[in-house]
Amino acid sequence: MTIKFHDKEIQKVVFLIEGWTKSDFNWNLICLACKPILGKVPTRQALCKHSEISRAYHVRKRSKSFPTEKIKPPGSLAIAAKRINNLEIENSILKEENTNLLLMIKKMHENAYRHNILRSILEEEIPQRSRK
């Protein structure tokens with residue numbers, strides 16, 4: 001029997017993955033770390049069923065493989081604080097936009113379900129235009 005996750009639990013698992021600090025990073029360790037959040041040790045497959053968790057895992061996995069570049073420090077703390085503030089504002093704007101897009105997708109999914117539109121139709125590739 002599969003474990004059903006609530007949205008709050010999914011978000012907590014995503015935050016766990018995003019904040020992972022240990023050098024080892026794999027599904028088994030994530031499953032074990034999810035026990036305090038979910039009450040049980042989930043399987044990799046149960047976690048992978050949720051696109052948010054799977055996406056967070058793959059982003060984190062790819063980011064560990066990138067070589068670290070030497071970062072040039074800013075000239076003063078005021079410049080650094082201003083840059084951090086600008087990035088935090090941009091981040092909050094992008095989070096809000098992402099939330100709005102997810103809500104729009106949920107509405108579209110619900111409307112498609114109510115009108116009996118098959119998932120295979122929705123997932124068809126967009127045809128390429130033939131340009132002359």
# chains A, B, ... in the order shown; residues from 1 in each chain; ligands from 1

$ residues_around --residues "Thr43 (chain A)" --least-positions-apart "3" --cutoff "7 Å" --atoms "only C-alpha atoms" --output "PDB file with all heavy atoms, in the first residue's frame"
ATOM      1  N   CYS A  31      15.284   8.962   1.871  1.00  0.00           N
ATOM      2  CA  CYS A  31      14.171   8.179   2.441  1.00  0.00           C
ATOM      3  C   CYS A  31      14.327   8.050   3.949  1.00  0.00           C
ATOM      4  O   CYS A  31      13.355   8.208   4.698  1.00  0.00           O
ATOM      5  CB  CYS A  31      14.101   6.805   1.786  1.00  0.00           C
ATOM      6  SG  CYS A  31      13.581   6.851   0.062  1.00  0.00           S
ATOM      7  N   ALA A  46       7.798   5.941  -3.974  1.00  0.00           N
ATOM      8  CA  ALA A  46       6.735   6.769  -3.390  1.00  0.00           C
ATOM      9  C   ALA A  46       7.109   8.241  -3.454  1.00  0.00           C
ATOM     10  O   ALA A  46       6.255   9.102  -3.706  1.00  0.00           O
ATOM     11  CB  ALA A  46       6.475   6.349  -1.946  1.00  0.00           C
ATOM     12  N   LEU A  47       8.382   8.548  -3.239  1.00  0.00           N
ATOM     13  CA  LEU A  47       8.821   9.933  -3.318  1.00  0.00           C
ATOM     14  C   LEU A  47       8.847  10.424  -4.765  1.00  0.00           C
ATOM     15  O   LEU A  47       8.488  11.567  -5.046  1.00  0.00           O
ATOM     16  CB  LEU A  47      10.202  10.099  -2.689  1.00  0.00           C
ATOM     17  CG  LEU A  47      10.285   9.900  -1.177  1.00  0.00           C
ATOM     18  CD1 LEU A  47      11.730   9.999  -0.713  1.00  0.00           C
ATOM     19  CD2 LEU A  47       9.419  10.896  -0.441  1.00  0.00           C
TER      20      LEU A  47
END

$ residues_around --residues "Gly39 (chain A)" --least-positions-apart "6" --cutoff "12 Å" --atoms "only C-alpha atoms" --output "JSON list (two decimals) with N, CA, C and O atoms, in the first residue's frame"
[["chain", "number", "residue", "atom", "x", "y", "z"],
["A", 3, "ILE", "N", 1.97, 5.22, 0.41],
["A", 3, "ILE", "CA", 1.72, 6.26, 1.39],
["A", 3, "ILE", "C", 1.24, 7.50, 0.65],
["A", 3, "ILE", "O", 1.85, 7.92, -0.33],
["A", 4, "LYS", "N", 0.14, 8.09, 1.10],
["A", 4, "LYS", "CA", -0.36, 9.33, 0.52],
["A", 4, "LYS", "C", 0.29, 10.49, 1.25],
["A", 4, "LYS", "O", 0.31, 10.53, 2.47],
["A", 5, "PHE", "N", 0.85, 11.42, 0.51],
["A", 5, "PHE", "CA", 1.49, 12.58, 1.10],
["A", 5, "PHE", "C", 0.58, 13.79, 0.94],
["A", 5, "PHE", "O", -0.02, 13.99, -0.10],
["A", 9, "GLU", "N", 3.55, 17.98, 3.67],
["A", 9, "GLU", "CA", 4.61, 16.97, 3.79],
["A", 9, "GLU", "C", 5.53, 17.00, 2.57],
["A", 9, "GLU", "O", 6.74, 16.89, 2.69],
["A", 31, "CYS", "N", 15.28, 8.96, 1.87],
["A", 31, "CYS", "CA", 14.17, 8.18, 2.44],
["A", 31, "CYS", "C", 14.33, 8.05, 3.95],
["A", 31, "CYS", "O", 13.35, 8.21, 4.70],
["A", 32, "LEU", "N", 15.54, 7.77, 4.40],
["A", 32, "LEU", "CA", 15.77, 7.66, 5.85],
["A", 32, "LEU", "C", 15.58, 9.00, 6.55],
["A", 32, "LEU", "O", 15.06, 9.06, 7.67],
["A", 33, "ALA", "N", 15.98, 10.09, 5.90],
["A", 33, "ALA", "CA", 15.82, 11.42, 6.51],
["A", 33, "ALA", "C", 14.37, 11.87, 6.54],
["A", 33, "ALA", "O", 14.02, 12.75, 7.31]]

$ residues_around --residues "Ile10 (chain A)" --least-positions-apart "3" --cutoff "8 Å" --atoms "only C-alpha atoms" --output "list in words"
Phe5, His6, Asp7, Val13, Val14, His50, Glu52 and Ile53 of chain A

$ write_last_selection --atoms "all heavy atoms" --output "compact mmCIF listing (two decimals), in the first residue's frame"
# COMPACT_ATOMS: atom_id res chain seq x y z
N PHE A 5 0.85 11.42 0.51
CA PHE A 5 1.49 12.58 1.10
C PHE A 5 0.58 13.79 0.94
O PHE A 5 -0.02 13.99 -0.10
CB PHE A 5 2.83 12.89 0.43
CG PHE A 5 3.83 11.77 0.51
CD1 PHE A 5 4.51 11.37 -0.62
CD2 PHE A 5 4.08 11.12 1.69
CE1 PHE A 5 5.44 10.35 -0.56
CE2 PHE A 5 5.01 10.09 1.76
CZ PHE A 5 5.69 9.71 0.63
N HIS A 6 0.54 14.61 1.97
CA HIS A 6 -0.18 15.88 1.89
C HIS A 6 0.77 16.94 1.34
O HIS A 6 1.98 16.77 1.32
CB HIS A 6 -0.70 16.29 3.28
CG HIS A 6 -1.67 15.30 3.85
ND1 HIS A 6 -2.95 15.16 3.36
CD2 HIS A 6 -1.54 14.40 4.85
CE1 HIS A 6 -3.57 14.21 4.05
NE2 HIS A 6 -2.73 13.73 4.95
N ASP A 7 0.20 18.06 0.90
CA ASP A 7 1.02 19.12 0.31
C ASP A 7 2.07 19.64 1.28
O ASP A 7 3.21 19.92 0.88
CB ASP A 7 0.13 20.29 -0.15
CG ASP A 7 -0.70 19.92 -1.38
OD1 ASP A 7 -0.30 18.99 -2.10
OD2 ASP A 7 -1.72 20.59 -1.62
N VAL A 13 9.59 17.78 2.52
CA VAL A 13 10.57 16.90 1.88
C VAL A 13 11.39 17.69 0.87
O VAL A 13 12.62 17.53 0.78
CB VAL A 13 9.89 15.68 1.22
CG1 VAL A 13 10.88 14.87 0.41
CG2 VAL A 13 9.22 14.81 2.27
N VAL A 14 10.74 18.59 0.12
CA VAL A 14 11.46 19.42 -0.85
C VAL A 14 12.47 20.31 -0.12
O VAL A 14 13.62 20.44 -0.55
CB VAL A 14 10.47 20.27 -1.69
CG1 VAL A 14 11.20 21.34 -2.49
CG2 VAL A 14 9.67 19.37 -2.62
N HIS A 50 5.83 12.13 -6.83
CA HIS A 50 5.49 13.55 -6.69
C HIS A 50 6.51 14.36 -7.47
O HIS A 50 7.72 14.32 -7.20
CB HIS A 50 5.48 13.94 -5.22
CG HIS A 50 4.50 13.13 -4.44
ND1 HIS A 50 3.15 13.39 -4.47
CD2 HIS A 50 4.66 12.04 -3.66
CE1 HIS A 50 2.53 12.51 -3.72
NE2 HIS A 50 3.42 11.68 -3.22
N GLU A 52 7.22 17.49 -7.59
CA GLU A 52 8.00 18.50 -6.87
C GLU A 52 9.23 17.87 -6.22
O GLU A 52 10.33 18.41 -6.28
CB GLU A 52 7.16 19.18 -5.79
CG GLU A 52 5.98 19.95 -6.32
CD GLU A 52 4.70 19.13 -6.30
OE1 GLU A 52 4.78 17.89 -6.21
OE2 GLU A 52 3.63 19.73 -6.37
N ILE A 53 9.04 16.70 -5.61
CA ILE A 53 10.15 16.02 -4.93
C ILE A 53 11.17 15.53 -5.95
O ILE A 53 12.37 15.71 -5.78
CB ILE A 53 9.62 14.85 -4.07
CG1 ILE A 53 8.74 15.39 -2.93
CG2 ILE A 53 10.77 14.02 -3.52
CD1 ILE A 53 8.04 14.32 -2.13

$ select_by_dssp --residues "chain A" --states "helix (DSSP H, G or I)" --output "VMD selection string"
chain A and resid 7 to 18 27 to 33 35 to 38 44 to 48 51 to 65 77 to 114 119 to 122

$ closest_residue --among "A:Lys82, A:Leu87, A:Lys106, A:Gln11" --to "Leu38 (chain A)" --atoms "only C-alpha atoms"
A:Gln11
